[in-house]
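To keep things clear, I will list the structure first and then write my remarks on it.
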Amino acid sequence: IVSKLTKSYSYCNSYGERDNKIGWVLKQSHESCLSLQNHIKQKVYFDTTIFLNQYGFRDGSILNNSKPDIIFIGDSWTFGYGVNNQNTFASLVSSKTNMNVFNMGVPNYSSLQSIFLYKRFEDEFSPKYVVFLNPNTLTRALCSKENYRYTLEPCYSLKNNEVKIHF
């Protein structure tokens, strides 16, 4: 109870859903919120609104009819976990460059999941640039006994210079 009162995450409603190929994706045309607060000290660490566009990407609204010049892929760092959309890396780059940017970041994604999600839309969007931001998460996609408790599916293994992807 004390743990729940000192650091409590709350969601307006779930913004993810199961995906049989890459584990999970973000819901399409969806609005939610996410907050973290300490109920004992009445301190709010963050309180964010989340808009997911018609593709299931973080955006400023639930509809984006533009083609992207830049696509950001990655995990919660890219998604902007704990900040509103205008403070995400993707949104800041968009405002500084006046280019249309899509934020394909998904919380807790491995590098492999990020790449698979991008590949689903690669032909449809054909962006000028793809920015891959996924710091320190390579082990999330590595199938190994040493890293098993951190491994997400799908994952990959390397044996005799051959890479295999496991679902």
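The chains in the structure tokens are called A, B, ... from first to last as shown; in each chain the residues are counted from 1, and the ligands are counted from 1 in the order shown.
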
Using 10 Å as the limit and counting only C-alpha atoms, can you tabulate each residue of region 69-110 of chain A that touches region 36-56 of chain A, with its shortest atom-to-atom distance in Å and the two atoms involved, as a tab-separated table?
residue	atom	partner	partner_atom	distance
A:Phe79	CA	A:Ile50	CA	9.9
A:Gly80	CA	A:Ile50	CA	9.7
A:Tyr81	CA	A:Thr48	CA	8.6
A:Gly82	CA	A:Phe46	CA	5.7
A:Val83	CA	A:Thr48	CA	5.8
A:Asn84	CA	A:Thr48	CA	5.2
A:Asn85	CA	A:Ile50	CA	7.2
A:Phe102	CA	A:Asn53	CA	9.6
A:Asn103	CA	A:Gly56	CA	9.5
A:Met104	CA	A:Gly56	CA	8.0
A:Gly105	CA	A:Gly56	CA	9.9
A:Val106	CA	A:Gly56	CA	9.5

Q.
To test your reading of the structure, identify every residue in chain A that backbone DSSP assigns to strand (DSSP E), and report it as an MDAnalysis selection string.
A. chainID A and resid 8:11 16:19 23:26 30:38 43:52 58:59 70:74 101:103 129:133 155:159 162:166

**Q.** From A:Tyr129, A:Ser110, A:Glu124, A:Ser76, residue lying nearest Val93 (chain A) [only C-alpha atoms]
**A.**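 Closest residue, counting only C-alpha atoms: A:Tyr129.
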
Q: Kindly indicate which residue among A:Lys164, A:Arg120, A:His30, A:Lys67 lies nearest to Met99 (chain A), using only C-alpha atoms for the distances.
A: A:Lys67

Q) So, counting only C-alpha atoms, which residue among A:Asn108, A:Arg58, A:Ser10, A:Ile73 is closest to Phe121 (chain A)? A) A:Ile73

(Q) Taking only region 10-161 of chain A into account, list the residues labelled helix (DSSP H, G or I) by DSSP (computed from the backbone), as number ranges by chain. (A) A: 76-79, 85-87, 89-97, 111-125, 138-141, 148-150

Could you write out that same residue set with C-alpha atoms as a tab-separated table (two decimals), in the first residue's frame?
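Below is the file that was written, selection34.tsv:
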chain	number	residue	atom	x	y	z
A	76	SER	CA	9.67	4.91	-24.58
A	77	TRP	CA	12.46	7.49	-25.02
A	78	THR	CA	11.27	8.07	-28.57
A	79	PHE	CA	7.59	7.84	-27.59
A	85	ASN	CA	3.61	15.46	-27.40
A	86	GLN	CA	5.07	18.93	-27.98
A	87	ASN	CA	8.06	17.98	-25.75
A	89	PHE	CA	12.14	14.48	-29.56
A	90	ALA	CA	10.05	13.97	-32.69
A	91	SER	CA	7.86	17.02	-32.09
A	92	LEU	CA	10.83	19.24	-31.23
A	93	VAL	CA	12.61	18.23	-34.46
A	94	SER	CA	9.41	18.93	-36.40
A	95	SER	CA	9.04	22.42	-34.92
A	96	LYS	CA	12.73	23.28	-35.53
A	97	THR	CA	12.87	21.97	-39.14
A	111	SER	CA	15.27	-2.60	-31.29
A	112	LEU	CA	13.91	-5.54	-33.27
A	113	GLN	CA	10.28	-4.63	-32.56
A	114	SER	CA	10.97	-1.03	-33.61
A	115	ILE	CA	12.42	-2.18	-36.93
A	116	PHE	CA	9.55	-4.60	-37.60
A	117	LEU	CA	6.99	-1.87	-36.93
A	118	TYR	CA	8.81	0.50	-39.29
A	119	LYS	CA	8.97	-2.18	-42.01
A	120	ARG	CA	5.15	-2.45	-41.94
A	121	PHE	CA	4.88	1.16	-43.10
A	122	GLU	CA	8.13	1.65	-45.03
A	123	ASP	CA	6.62	1.43	-48.52
A	124	GLU	CA	3.53	3.47	-47.63
A	125	PHE	CA	5.48	6.43	-46.22
A	138	LEU	CA	19.75	-4.23	-27.58
A	139	THR	CA	19.59	-6.88	-24.85
A	140	ARG	CA	15.77	-6.70	-24.93
A	141	ALA	CA	15.93	-8.36	-28.35
A	148	TYR	CA	16.51	-14.08	-20.65
A	149	ARG	CA	14.69	-12.14	-17.95
A	150	TYR	CA	15.10	-8.93	-20.01

Q: Work out how far apart CA of Tyr109 (chain A) and CA of His166 (chain A) are and give it in Å to one decimal.
A: 15.6 Å

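Each of A:Lys159, A:Phe57, A:Leu63, A:Gly74 was compared to Asn134 (chain A) using only C-alpha atoms, and A:Gly74 turns out to be the nearest.
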
Q) Could you state the separation of CA of Tyr156 (chain A) and CA of Asp75 (chain A) in Å, given to one decimal place? A)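 Distance reported for this atom pair: 17.4 Å.
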